[in-house]
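Data from structure32.txt: compact mmCIF, C-alpha atoms
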# COMPACT_ATOMS: atom_id res chain seq x y z
CA MET A 1 -22.02 -59.96 27.45
CA LYS A 2 -23.39 -56.47 27.06
CA ARG A 3 -20.12 -55.20 25.65
CA LEU A 4 -20.03 -58.02 23.15
CA LEU A 5 -23.52 -57.13 22.02
CA ILE A 6 -22.68 -53.47 21.55
CA GLY A 7 -19.53 -54.36 19.68
CA SER A 8 -21.32 -56.68 17.32
CA VAL A 9 -23.99 -54.07 16.60
CA ALA A 10 -21.33 -51.47 15.89
CA CYS A 11 -19.54 -53.86 13.54
CA ALA A 12 -22.78 -54.58 11.73
CA MET A 13 -23.49 -50.88 11.29
CA LEU A 14 -20.04 -50.17 10.01
CA SER A 15 -20.20 -53.03 7.54
CA PHE A 16 -23.63 -51.81 6.39
CA LEU A 17 -22.28 -48.30 5.87
CA GLY A 18 -19.36 -49.73 4.02
CA LEU A 19 -21.68 -51.63 1.70
CA ALA A 20 -24.01 -48.69 1.23
CA LEU A 21 -21.26 -46.17 0.57
CA PRO A 22 -18.46 -47.94 -1.23
CA PRO A 23 -15.21 -46.01 -1.39
CA GLN A 24 -15.10 -44.07 -4.64
CA ALA A 25 -11.94 -43.67 -6.63
CA HIS A 26 -11.71 -39.92 -7.03
CA ALA A 27 -8.92 -38.66 -9.20
CA GLU A 28 -8.49 -34.99 -9.98
CA ASN A 29 -8.36 -33.98 -13.60
CA THR A 30 -4.76 -33.26 -14.37
CA ILE A 31 -2.82 -32.58 -17.48
CA TYR A 32 -1.43 -36.11 -17.10
CA ASN A 33 -4.73 -37.98 -17.17
CA THR A 34 -6.64 -35.72 -19.59
CA SER A 35 -5.73 -34.33 -22.95
CA LEU A 36 -6.22 -30.85 -24.32
CA PRO A 37 -9.84 -30.52 -25.49
CA SER A 38 -10.36 -30.52 -29.20
CA ILE A 39 -13.68 -28.67 -29.02
CA VAL A 40 -15.75 -26.52 -26.69
CA ARG A 41 -19.55 -26.66 -26.54
CA VAL A 42 -20.78 -23.07 -26.43
CA ALA A 43 -24.39 -22.35 -25.52
CA ILE A 44 -25.65 -19.42 -27.55
CA ARG A 45 -28.10 -17.35 -25.55
CA GLU A 46 -30.78 -15.22 -27.14
CA ASN A 47 -30.16 -11.54 -27.65
CA ASN A 48 -31.85 -8.80 -25.72
CA SER A 49 -33.90 -6.18 -27.52
CA SER A 50 -30.75 -4.20 -28.31
CA GLY A 51 -29.27 -7.14 -30.13
CA GLN A 52 -26.69 -8.07 -27.52
CA PRO A 53 -26.38 -11.55 -26.00
CA ASP A 54 -28.37 -11.65 -22.82
CA PRO A 55 -26.73 -13.43 -19.85
CA ARG A 56 -30.20 -14.33 -18.59
CA GLY A 57 -31.64 -15.09 -21.99
CA ARG A 58 -32.85 -18.47 -23.16
CA ILE A 59 -30.39 -20.86 -24.72
CA ILE A 60 -31.04 -21.04 -28.44
CA TRP A 61 -28.59 -23.73 -29.47
CA VAL A 62 -25.23 -25.19 -28.57
CA GLN A 63 -22.41 -24.50 -30.96
CA THR A 64 -19.43 -26.81 -31.15
CA VAL A 65 -16.29 -24.74 -31.64
CA PRO A 66 -12.69 -25.95 -32.08
CA PHE A 67 -10.85 -25.27 -28.84
CA GLU A 68 -8.18 -22.91 -30.14
CA GLN A 69 -10.68 -21.09 -32.32
CA TYR A 70 -12.81 -20.55 -29.25
CA CYS A 71 -9.87 -18.98 -27.41
CA GLU A 72 -9.17 -16.75 -30.42
CA ASP A 73 -12.77 -15.56 -30.55
CA VAL A 74 -12.88 -14.82 -26.82
CA LEU A 75 -9.62 -12.99 -26.25
CA PRO A 76 -10.41 -9.79 -28.24
CA ASN A 77 -13.72 -9.54 -26.41
CA GLU A 78 -12.22 -9.93 -22.97
CA TRP A 79 -8.88 -8.15 -23.41
CA MET A 80 -8.12 -5.15 -25.59
CA PRO A 81 -6.25 -6.14 -28.76
CA SER A 82 -4.22 -2.94 -28.53
CA TRP A 83 -2.77 -3.89 -25.15
CA HIS A 84 0.75 -5.06 -24.50
CA PRO A 85 1.57 -8.52 -25.95
CA GLU A 86 2.50 -9.87 -22.52
CA SER A 87 -0.84 -8.79 -21.13
CA LEU A 88 -2.54 -10.52 -24.05
CA ARG A 89 -0.58 -13.70 -23.39
CA ALA A 90 -1.53 -13.68 -19.72
CA GLY A 91 -5.13 -13.25 -20.82
CA ALA A 92 -4.85 -16.00 -23.41
CA MET A 93 -3.63 -18.41 -20.73
CA ALA A 94 -6.45 -17.51 -18.36
CA ILE A 95 -9.05 -17.93 -21.10
CA LYS A 96 -7.56 -21.25 -22.16
CA MET A 97 -7.48 -22.73 -18.65
CA PHE A 98 -10.96 -21.40 -17.87
CA ALA A 99 -12.33 -23.13 -20.96
CA TRP A 100 -10.37 -26.30 -20.28
CA TYR A 101 -11.70 -26.52 -16.73
CA HIS A 102 -15.29 -26.01 -17.84
CA HIS A 103 -14.91 -28.52 -20.62
CA LEU A 104 -14.17 -31.03 -17.87
CA HIS A 105 -17.15 -29.79 -15.83
CA PRO A 106 -20.07 -29.36 -18.26
CA VAL A 107 -23.49 -28.20 -17.13
CA SER A 108 -27.02 -28.97 -18.28
CA ILE A 109 -29.64 -26.24 -18.38
CA ASP A 110 -33.05 -26.42 -20.08
CA GLY A 111 -32.14 -29.69 -21.73
CA PHE A 112 -28.90 -28.36 -23.22
CA THR A 113 -25.55 -29.73 -22.12
CA PHE A 114 -22.68 -27.38 -22.69
CA ASP A 115 -19.31 -26.30 -21.36
CA VAL A 116 -19.68 -22.50 -21.48
CA ASP A 117 -22.07 -19.94 -22.88
CA ASN A 118 -21.35 -16.92 -25.03
CA THR A 119 -21.96 -14.27 -22.37
CA VAL A 120 -20.20 -12.92 -19.31
CA ASN A 121 -21.66 -15.82 -17.35
CA PHE A 122 -18.54 -17.58 -18.60
CA GLN A 123 -16.48 -15.73 -21.19
CA THR A 124 -17.65 -13.32 -23.87
CA TYR A 125 -17.58 -15.18 -27.16
CA ARG A 126 -18.30 -13.66 -30.55
CA SER A 127 -17.91 -15.84 -33.57
CA TRP A 128 -15.36 -14.61 -36.12
CA SER A 129 -14.20 -11.75 -33.92
CA ARG A 130 -10.58 -12.90 -33.84
CA GLN A 131 -7.82 -10.36 -34.41
CA THR A 132 -4.27 -10.71 -35.61
CA GLU A 133 -2.59 -9.61 -32.39
CA THR A 134 -4.71 -11.74 -30.11
CA ASN A 135 -4.33 -14.77 -32.38
CA GLN A 136 -0.58 -14.48 -31.98
CA ALA A 137 -0.96 -14.51 -28.20
CA VAL A 138 -3.09 -17.65 -28.33
CA GLU A 139 -0.74 -19.42 -30.72
CA SER A 140 2.31 -18.58 -28.61
CA LEU A 141 0.86 -20.59 -25.70
CA ARG A 142 0.16 -23.69 -27.72
CA GLY A 143 1.53 -26.63 -25.76
CA TYR A 144 1.53 -24.88 -22.38
CA SER A 145 -0.80 -24.85 -19.44
CA TYR A 146 -0.91 -23.08 -16.10
CA VAL A 147 -1.96 -25.56 -13.43
CA LYS A 148 -1.29 -26.60 -9.87
CA PRO A 149 2.17 -28.03 -9.32
CA ASN A 150 0.73 -31.56 -9.36
CA GLY A 151 -0.80 -30.89 -12.75
CA GLU A 152 -4.37 -30.42 -11.54
CA ILE A 153 -6.43 -28.31 -13.91
CA ILE A 154 -8.08 -25.40 -12.15
CA GLU A 155 -10.20 -22.52 -13.29
CA LEU A 156 -8.25 -19.31 -13.83
CA ASN A 157 -10.67 -16.52 -13.02
CA TYR A 158 -10.28 -12.87 -13.86
CA ARG A 159 -12.05 -9.56 -13.44
CA ALA A 160 -11.80 -6.14 -15.00
CA GLY A 161 -9.90 -4.31 -12.24
CA TYR A 162 -9.00 -0.67 -12.41
CA ARG A 163 -7.04 1.30 -14.99
CA GLU A 164 -3.51 2.45 -14.12
CA ASP A 165 -3.50 0.44 -10.94
CA PRO A 166 -1.47 -2.61 -9.90
CA ASN A 167 -4.70 -4.22 -8.71
CA TRP A 168 -3.28 -6.12 -5.81
CA GLN A 169 -4.86 -9.41 -4.89
CA TYR A 170 -8.02 -8.99 -2.87
CA ARG A 171 -8.39 -11.49 -0.01
CA ASN A 172 -6.42 -14.02 -2.00
CA ALA A 173 -9.26 -14.16 -4.49
CA GLN A 174 -7.10 -15.85 -7.14
CA LYS A 175 -8.48 -13.55 -9.79
CA MET A 176 -6.36 -11.76 -12.29
CA ALA A 177 -7.25 -8.13 -12.92
CA GLN A 178 -7.31 -7.41 -16.64
CA TRP A 179 -6.27 -3.80 -16.21
CA GLY A 180 -3.65 -5.05 -13.76
CA SER A 181 -2.18 -7.36 -16.38
CA GLN A 182 -1.77 -4.39 -18.67
CA TYR A 183 -0.31 -2.32 -15.84
CA TRP A 184 2.38 -4.88 -15.09
CA ALA A 185 3.09 -5.65 -18.74
CA GLU A 186 3.77 -1.98 -19.41
CA ARG A 187 6.30 -2.10 -16.57
CA GLY A 188 8.25 -4.92 -18.09
CA ARG A 189 6.73 -7.99 -16.50
CA THR A 190 6.38 -11.12 -18.59
CA TYR A 191 3.14 -13.02 -18.80
CA ILE A 192 4.49 -15.66 -16.41
CA GLN A 193 5.32 -13.01 -13.84
CA ILE A 194 1.86 -11.52 -14.26
CA LEU A 195 0.23 -14.91 -13.77
CA GLN A 196 2.39 -15.58 -10.72
CA PHE A 197 1.39 -12.23 -9.30
CA TYR A 198 -2.31 -13.06 -9.38
CA TYR A 199 -2.46 -16.84 -9.01
CA ALA A 200 -0.68 -18.36 -6.03
CA GLU A 201 0.82 -21.85 -6.11
CA ARG A 202 0.43 -22.44 -9.82
CA ALA A 203 3.01 -23.52 -12.31
CA LEU A 204 3.59 -23.45 -16.04
CA ARG A 205 3.56 -26.97 -17.49
CA ARG A 206 3.94 -28.43 -20.93
CA VAL A 207 1.01 -30.39 -22.30
CA ARG A 208 1.01 -33.10 -24.90
CA MET B 209 -21.01 59.91 31.52
CA LYS B 210 -19.30 58.02 28.73
CA SER B 211 -18.92 59.84 25.44
CA TRP B 212 -19.95 57.94 22.26
CA LEU B 213 -17.88 60.17 20.04
CA PRO B 214 -14.84 58.41 18.55
CA SER B 215 -11.54 59.40 19.84
CA GLY B 216 -8.93 61.09 17.74
CA LYS B 217 -6.91 57.86 17.43
CA THR B 218 -9.95 55.96 16.04
CA LEU B 219 -10.66 58.68 13.54
CA GLY B 220 -7.09 58.57 12.37
CA VAL B 221 -7.18 54.82 11.81
CA CYS B 222 -10.45 55.08 9.87
CA LEU B 223 -9.18 57.83 7.65
CA THR B 224 -6.03 55.87 6.89
CA ALA B 225 -8.11 52.82 5.94
CA ILE B 226 -10.32 54.88 3.63
CA ALA B 227 -7.29 56.40 1.98
CA LEU B 228 -5.75 52.98 1.41
CA ALA B 229 -8.99 51.66 -0.08
CA LEU B 230 -9.24 54.58 -2.49
CA TRP B 231 -5.64 54.12 -3.50
CA SER B 232 -6.16 50.45 -4.26
CA LEU B 233 -9.08 51.07 -6.67
CA PRO B 234 -8.18 50.51 -10.34
CA ASN B 235 -7.04 53.53 -12.19
CA THR B 236 -8.72 54.86 -15.24
CA PRO B 237 -7.41 53.22 -18.38
CA ASP B 238 -4.27 54.65 -19.76
CA PRO B 239 -4.64 55.17 -23.50
CA ASN B 240 -1.00 54.21 -23.99
CA SER B 241 -1.46 50.84 -22.32
CA THR B 242 -2.81 49.18 -25.50
CA SER B 243 0.25 50.19 -27.45
CA ASP B 244 2.36 48.61 -24.73
CA LEU B 245 0.37 45.43 -25.15
CA HIS B 246 0.86 45.45 -28.90
CA THR B 247 4.56 45.87 -28.70
CA GLY B 248 4.81 43.13 -26.17
CA SER B 249 6.47 45.36 -23.64
CA SER B 250 5.52 45.70 -20.02
CA ILE B 251 1.85 46.19 -19.36
CA SER B 252 0.73 49.31 -17.65
CA SER B 253 -1.00 49.06 -14.31
CA GLY B 254 -4.65 48.16 -14.38
CA ALA B 255 -4.57 46.70 -17.90
CA ILE B 256 -4.07 43.00 -17.42
CA PRO B 257 -5.23 40.87 -20.36
CA THR B 258 -6.71 37.61 -19.17
CA MET B 259 -7.62 36.11 -22.53
CA ALA B 260 -5.65 35.36 -25.64
CA VAL B 261 -5.86 38.19 -28.12
CA PRO B 262 -7.81 37.22 -31.24
CA VAL B 263 -5.25 37.24 -33.99
CA GLU B 264 -7.34 37.80 -37.06
CA GLY B 265 -10.53 36.88 -38.80
CA PRO B 266 -14.01 38.36 -38.98
CA ALA B 267 -16.08 38.84 -35.92
CA GLN B 268 -18.13 35.80 -35.00
CA PRO B 269 -21.88 36.19 -34.65
CA ASN B 270 -21.84 34.99 -31.05
CA GLN B 271 -19.16 37.42 -29.99
CA SER B 272 -20.13 39.80 -27.22
CA PRO B 273 -20.81 43.37 -28.29
CA PRO B 274 -18.22 46.03 -27.46
CA GLN B 275 -20.48 47.73 -24.96
CA ASN B 276 -20.23 44.69 -22.71
CA GLN B 277 -16.50 45.14 -22.27
CA THR B 278 -15.28 46.20 -18.88
CA PRO B 279 -14.03 49.77 -19.07
CA SER B 280 -11.21 49.12 -16.64
CA ARG B 281 -9.77 46.45 -18.94
CA PRO B 282 -8.98 48.05 -22.27
CA GLN B 283 -9.17 45.77 -25.26
CA PRO B 284 -7.20 46.18 -28.44
CA PRO B 285 -9.00 47.15 -31.62
CA SER B 286 -10.78 44.23 -33.23
CA ASN B 287 -8.75 44.49 -36.43
CA ALA B 288 -5.43 44.73 -34.67
CA VAL B 289 -2.85 42.11 -35.55
CA ASN B 290 -0.30 41.37 -32.92
CA PRO B 291 2.54 39.13 -34.03
CA ALA B 292 3.85 38.85 -30.50
CA ALA B 293 0.57 37.58 -29.09
CA PRO B 294 0.55 33.98 -27.86
CA LYS B 295 -0.88 31.66 -30.49
CA ALA B 296 -2.55 28.96 -28.40
CA LYS B 297 -2.56 28.38 -24.72
CA PRO B 298 -3.39 25.13 -22.97
CA GLY B 299 -6.74 26.61 -22.09
CA ASP B 300 -7.53 27.27 -25.70
CA PRO B 301 -10.40 24.97 -26.72
CA THR B 302 -9.02 24.65 -30.23
CA GLU B 303 -5.71 23.35 -28.92
CA PRO B 304 -5.57 19.55 -29.44
CA THR B 305 -3.61 19.07 -26.22
CA ASN B 306 -6.55 20.29 -24.23
CA LYS B 307 -8.37 17.18 -23.10
CA PHE B 308 -11.72 18.92 -23.25
CA SER B 309 -11.18 20.09 -26.78
CA PRO B 310 -13.25 18.50 -29.53
CA TYR B 311 -10.44 19.31 -31.99
CA VAL B 312 -8.36 16.18 -31.69
CA PRO B 313 -6.04 14.66 -34.24
CA ILE B 314 -7.53 11.48 -35.61
CA PRO B 315 -5.15 8.54 -35.34
CA LYS B 316 -4.90 6.10 -38.19
CA SER B 317 -5.00 2.36 -38.00
CA LYS B 318 -5.26 -0.59 -40.37
CA LEU B 319 -8.43 -2.49 -41.10
CA ARG B 320 -9.48 -5.28 -43.38
CA ILE B 321 -12.93 -6.76 -43.74
CA ARG B 322 -13.87 -10.36 -44.33
CA VAL B 323 -17.16 -11.13 -46.02
CA ILE B 324 -18.70 -14.55 -45.52
CA ASP B 325 -21.92 -16.32 -46.31
CA GLY B 326 -24.00 -16.20 -43.15
CA ARG B 327 -25.29 -19.75 -43.59
CA THR B 328 -22.27 -21.67 -44.82
CA GLU B 329 -19.63 -19.34 -43.29
CA ARG B 330 -17.68 -19.59 -46.55
CA PRO B 331 -15.90 -16.53 -47.89
CA ILE B 332 -17.63 -14.51 -50.59
CA GLU B 333 -15.47 -13.33 -53.44
CA GLY B 334 -16.24 -10.18 -55.36
CA ALA B 335 -18.32 -8.46 -52.73
CA GLU B 336 -18.04 -4.69 -52.69
CA VAL B 337 -17.34 -3.20 -49.29
CA VAL B 338 -17.75 0.51 -48.57
CA LEU B 339 -16.24 2.09 -45.50
CA ILE B 340 -18.90 4.64 -44.63
CA GLU B 341 -16.78 7.24 -42.86
CA THR B 342 -14.14 7.50 -45.58
CA GLU B 343 -16.24 6.36 -48.57
CA GLN B 344 -13.49 3.99 -49.63
CA ARG B 345 -14.55 1.04 -51.79
CA PHE B 346 -12.91 -2.35 -51.86
CA LYS B 347 -13.53 -5.73 -53.47
CA THR B 348 -13.07 -8.96 -51.60
CA GLY B 349 -10.66 -11.57 -52.87
CA PRO B 350 -11.03 -15.37 -53.02
CA ASP B 351 -10.45 -15.59 -49.27
CA GLY B 352 -13.26 -13.11 -48.64
CA PHE B 353 -10.87 -10.43 -47.39
CA THR B 354 -10.49 -6.91 -48.63
CA GLN B 355 -7.03 -5.45 -48.76
CA TRP B 356 -5.67 -3.62 -45.74
CA MET B 357 -7.03 -0.11 -45.63
CA ASP B 358 -6.16 3.00 -43.68
CA ALA B 359 -8.91 3.42 -41.14
CA PRO B 360 -9.39 6.39 -38.84
CA VAL B 361 -9.83 5.64 -35.16
CA LEU B 362 -12.96 7.67 -34.56
CA ARG B 363 -14.03 7.91 -30.95
CA ASP B 364 -17.37 9.32 -30.00
CA PRO B 365 -16.71 12.94 -28.93
CA ARG B 366 -19.67 12.84 -26.56
CA TYR B 367 -17.82 10.50 -24.23
CA ARG B 368 -14.24 11.59 -24.70
CA PRO B 369 -13.96 14.11 -21.83
CA LEU B 370 -15.78 11.72 -19.50
CA VAL B 371 -14.46 8.28 -20.25
CA ALA B 372 -12.47 8.01 -23.43
CA GLU B 373 -13.58 5.07 -25.51
CA LEU B 374 -11.02 2.33 -25.59
CA HIS B 375 -11.45 1.87 -29.33
CA GLY B 376 -12.83 3.76 -32.28
CA GLN B 377 -15.85 2.73 -34.24
CA LEU B 378 -16.53 2.59 -37.96
CA GLY B 379 -19.30 1.44 -40.23
CA ALA B 380 -19.22 -0.58 -43.42
CA ILE B 381 -21.69 -1.84 -46.02
CA ALA B 382 -21.22 -4.97 -48.10
CA TYR B 383 -22.93 -5.46 -51.46
CA ARG B 384 -23.06 -8.59 -53.57
CA ASN B 385 -25.45 -9.63 -56.28
CA GLY B 386 -27.81 -12.32 -55.08
CA TYR B 387 -27.36 -11.34 -51.42
CA ARG B 388 -29.03 -8.94 -49.08
CA ASP B 389 -27.06 -5.81 -48.37
CA SER B 390 -25.31 -6.05 -45.03
CA ILE B 391 -24.57 -3.06 -42.86
CA GLN B 392 -22.18 -3.39 -39.97
CA LEU B 393 -21.88 -0.54 -37.52
CA GLY B 394 -19.65 -0.09 -34.54
CA ILE B 395 -16.67 -1.94 -36.01
CA ARG B 396 -13.98 -1.78 -33.35
CA VAL B 397 -10.83 -0.06 -34.49
CA HIS B 398 -7.91 -0.06 -32.07
CA ASP B 399 -4.90 2.21 -32.17
CA GLY B 400 -1.68 0.80 -33.49
CA VAL B 401 -2.82 -2.71 -34.35
CA ARG B 402 -4.19 -4.42 -37.41
CA ASN B 403 -7.94 -4.77 -37.07
CA GLU B 404 -10.23 -7.26 -38.74
CA THR B 405 -13.96 -7.69 -38.84
CA THR B 406 -16.38 -10.06 -40.49
CA ILE B 407 -19.57 -9.21 -42.32
CA TRP B 408 -22.21 -11.88 -42.76
CA MET B 409 -24.26 -11.80 -45.96
CA TYR B 410 -27.43 -13.75 -46.59
CA ARG B 411 -28.38 -15.14 -49.99
CA LEU B 412 -31.69 -14.09 -51.47
CA GLY B 413 -34.21 -16.86 -51.82
CA PRO B 414 -37.43 -17.29 -53.80
CA GLY B 415 -39.52 -16.65 -50.70
CA ASP B 416 -37.95 -13.27 -49.97
CA ARG B 417 -40.37 -10.45 -50.64
CA ARG B 418 -39.16 -7.41 -48.74
CA ILE B 419 -35.54 -7.16 -49.62
CA GLU B 420 -34.01 -4.88 -47.02
CA PRO B 421 -30.52 -4.55 -45.59
CA VAL B 422 -29.39 -6.62 -42.67
CA LEU B 423 -27.88 -4.66 -39.77
CA TYR B 424 -25.32 -5.93 -37.35
CA GLN B 425 -24.18 -3.69 -34.52
CA VAL B 426 -20.87 -4.61 -32.93
CA PRO B 427 -21.25 -4.15 -29.18
CA TYR B 428 -19.03 -1.92 -27.10
CA HIS B 429 -16.17 -3.64 -25.39
CA ARG B 430 -17.16 -4.79 -21.92
CA LEU B 431 -14.10 -3.19 -20.31
CA TRP B 432 -15.24 0.21 -21.49
CA LEU B 433 -18.80 -0.39 -20.32
CA ILE B 434 -17.49 -1.24 -16.86
CA GLU B 435 -15.42 1.96 -16.80
CA LEU B 436 -18.39 3.99 -17.96
CA ALA B 437 -20.65 2.62 -15.24
CA ASP B 438 -17.99 3.17 -12.58
CA ARG B 439 -17.46 6.74 -13.75
CA PHE B 440 -20.90 7.85 -12.59
CA ARG B 441 -21.45 5.48 -9.72
CA SER B 442 -22.53 7.12 -6.49
CA LYS B 443 -21.50 5.85 -3.09
CA SER B 444 -25.05 4.90 -2.26
CA GLN B 445 -25.20 2.52 -5.24
CA PRO B 446 -22.10 0.39 -4.92
CA GLY B 447 -23.52 -2.43 -7.02
CA GLU B 448 -21.35 -5.45 -6.47
CA GLY B 449 -18.87 -3.46 -4.48
CA PRO B 450 -15.42 -2.17 -5.24
CA GLU B 451 -14.10 -5.61 -6.04
CA ARG B 452 -16.50 -7.30 -8.37
CA PRO B 453 -16.29 -11.08 -8.38
Represent the structure contained in this file as structure tokens.
Amino acid sequence: MKRLLIGSVACAMLSFLGLALPPQAHAENTIYNTSLPSIVRVAIRENNSSGQPDPRGRIIWVQTVPFEQYCEDVLPNEWMPSWHPESLRAGAMAIKMFAWYHHLHPVSIDGFTFDVDNTVNFQTYRSWSRQTETNQAVESLRGYSYVKPNGEIIELNYRAGYREDPNWQYRNAQKMAQWGSQYWAERGRTYIQILQFYYAERALRRVR
Amino acid sequence: MKSWLPSGKTLGVCLTAIALALWSLPNTPDPNSTSDLHTGSSISSGAIPTMAVPVEGPAQPNQSPPQNQTPSRPQPPSNAVNPAAPKAKPGDPTEPTNKFSPYVPIPKSKLRIRVIDGRTERPIEGAEVVLIETEQRFKTGPDGFTQWMDAPVLRDPRYRPLVAELHGQLGAIAYRNGYRDSIQLGIRVHDGVRNETTIWMYRLGPGDRRIEPVLYQVPYHRLWLIELADRFRSKSQPGEGPERP
């Protein structure tokens, strides 16, 4: 009798938990169930007293920028336009996937909802700063993405790294070194090889 | 009782040492040694030139007076011309290959400037753009662009021996009737690529009283700023550590 009572109580608790916490259908954002963003919402932060965007400054407004134009206006501020074209392409892919990931994961701060801001909090964005060489790198990757093998869209992070150094991966940080991309590009690596060097278990995929 | 007088053997050793020391002192300058130097032949003992011989030209005001010269190192006459003298050594500060030399060849690159309306972001035709460093003048076309111009890649010489700037910087001014003058400084100019920049101009309105130029300063590239900060970082101030996130 006692066992029956305990069993019935346990069943009631489980059914209650099941009602209170219904199973949620959680699907990862992949290139198969999302499409390439058409725009990016960029929060413009106020400048510091020297006239430079302040990463801790207030948000002034949110600018809606076409996606590819955003990538073009970020790449020359993150990579050097005079670097090797393969390094620029590796950078263009990282910038693109970073922006794509954050477009799928927007944030709200101080009443503003946005995908990224214009400072190094996300990626350095300067309107109309695009350059011919970097535009070519962005355009060459149109229709491609660098994702997990199942198509899941992940954030491709990067850091500055050190000049004239291979910048080996640090504790599997999954961060591309910008100087490292230039180092390997100068030694004949393609942008895919550079991306494979820094990001483990990722694959190049076509997007619609 | 022990005698404190040196023995004959000790005296002999001391005398030999003194003789050797006297022999190794530099000799008095040989008057013929300068002629040897001029003809490029072997240099006489004790006359070893350690600096490049000044080839020609008037004496500079900051040159050291002749009385400061070391007598054991004879110098050639100031007006002497030596065709066999080495022209420029790597240590010569005027040699462009010396990385500490301020005399560097200025590389050339290509630049074109786009002028747009700061409010509508539409191109402005007919604006006059002056490149400050070269004093070149250009007019913008219907697309707001100037033609491609030869632009020097000017890096700040203050930083060059420490951390060479990754790009040069130029300045430009845009003029257009009905608009405020726009000055843009710090335009990034990279070696070997075609560079572009955009100048915003703002239309004059009826409420404008003090009509003054608008300045826009292009920031340094963040990669160079990171290098610059790392260059002078001490071990006690690691910041975010050797591997920044």
Practice problem: Could you please tell me, as a ChimeraX atom specification, which residues of chain A have an atom within 10 Å of chain B when using all atoms listed in the file? | Solution: /A:50-53,76-83,120,124,126-133,157-163,167,170,173,175,178-179
Quiz item: How many Å lie between atom CA of Phe112 of chain A and atom CA of Ile31 of chain A, rounded to one decimal?
Solution: 27.0 Å
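When only C-alpha atoms are used to compute distances to Glu152 of chain A, the closest of the residues A:Trp100, A:Ala43, A:Arg56, A:Glu86 turns out to be A:Trp100.
What separates atom CA of Pro365 of chain B from atom CA of Ser317 of chain B is a distance of 18.2 Å.
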Self-check item: Interatomic distance, atom CA of Arg142 of chain A to atom CA of Pro66 of chain A (Å, one decimal)
Solution: 13.8 Å
Taking all atoms of segment 385-388 of chain B that the file lists and extending 5 Å past them on each side, where is the centre of the axis-aligned box and how long are its edges? Answer in Å to one decimal, as lines of an AutoDock Vina configuration file.
center_x = -27.2
center_y = -10.6
center_z = -52.7
size_x = 13.6
size_y = 13.4
size_z = 17.2
Exercise. Tell me, as JSON, numbers by chain, which residues lie within 9 Å of Glu164 of chain A, counting all atoms listed in the file; anything in the same chain fewer than 5 positions away does not count.
Key: {"A": [179, 180, 182, 183]}
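Nearest to Ile60 of chain A of all the residues A:Asn118, A:Ser140, A:Asn29, A:Thr190 is A:Asn118, counting only C-alpha atoms.
The protein and nucleic acid residues lying at most 10 Å from Leu204 of chain A are A:Met93, A:Tyr144, A:Ser145, A:Tyr146, A:Val147, A:Lys148, A:Pro149, A:Gly151, A:Ile192, A:Leu195, A:Gln196, with all atoms listed in the file considered and sequence neighbours fewer than 5 positions away removed.
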Practice problem: Identify, on the basis of only C-alpha atoms, every residue whose closest approach to Val65 of chain A does not exceed 12 Å; exclude the query and any residue fewer than 3 positions from it along the same chain; express the result as a PyMOL selection string. | Solution: chain A and resi 37-44+62+68-74+99+103+114-118+125-128
Exercise. Identify which of the residues A:Pro166, A:Pro85, A:Pro55, A:Gly143 lies closest to Ser35 of chain A, counting all atoms listed in the file when measuring atom-to-atom distances.
Key: A:Gly143
Quiz item: If I put a ball of radius 6 Å at (-4.2, 3.2, -40.7) in the file's coordinates, which residues poke into it when counting all atoms listed in the file, written as number ranges by chain?
Solution: B: 316-318, 358-359
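Among the candidates A:Leu156, A:Ala137, A:Ala185, A:Leu75, the one nearest to Ala200 of chain A when counting only C-alpha atoms is A:Leu156.
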Quiz item: Which polymer residues have any atom within 8 Å of an atom of segment 330-340 of chain B, counting all atoms listed in the file, with same-chain residues fewer than 3 positions away left out, as a count of residues only?
Solution: 25
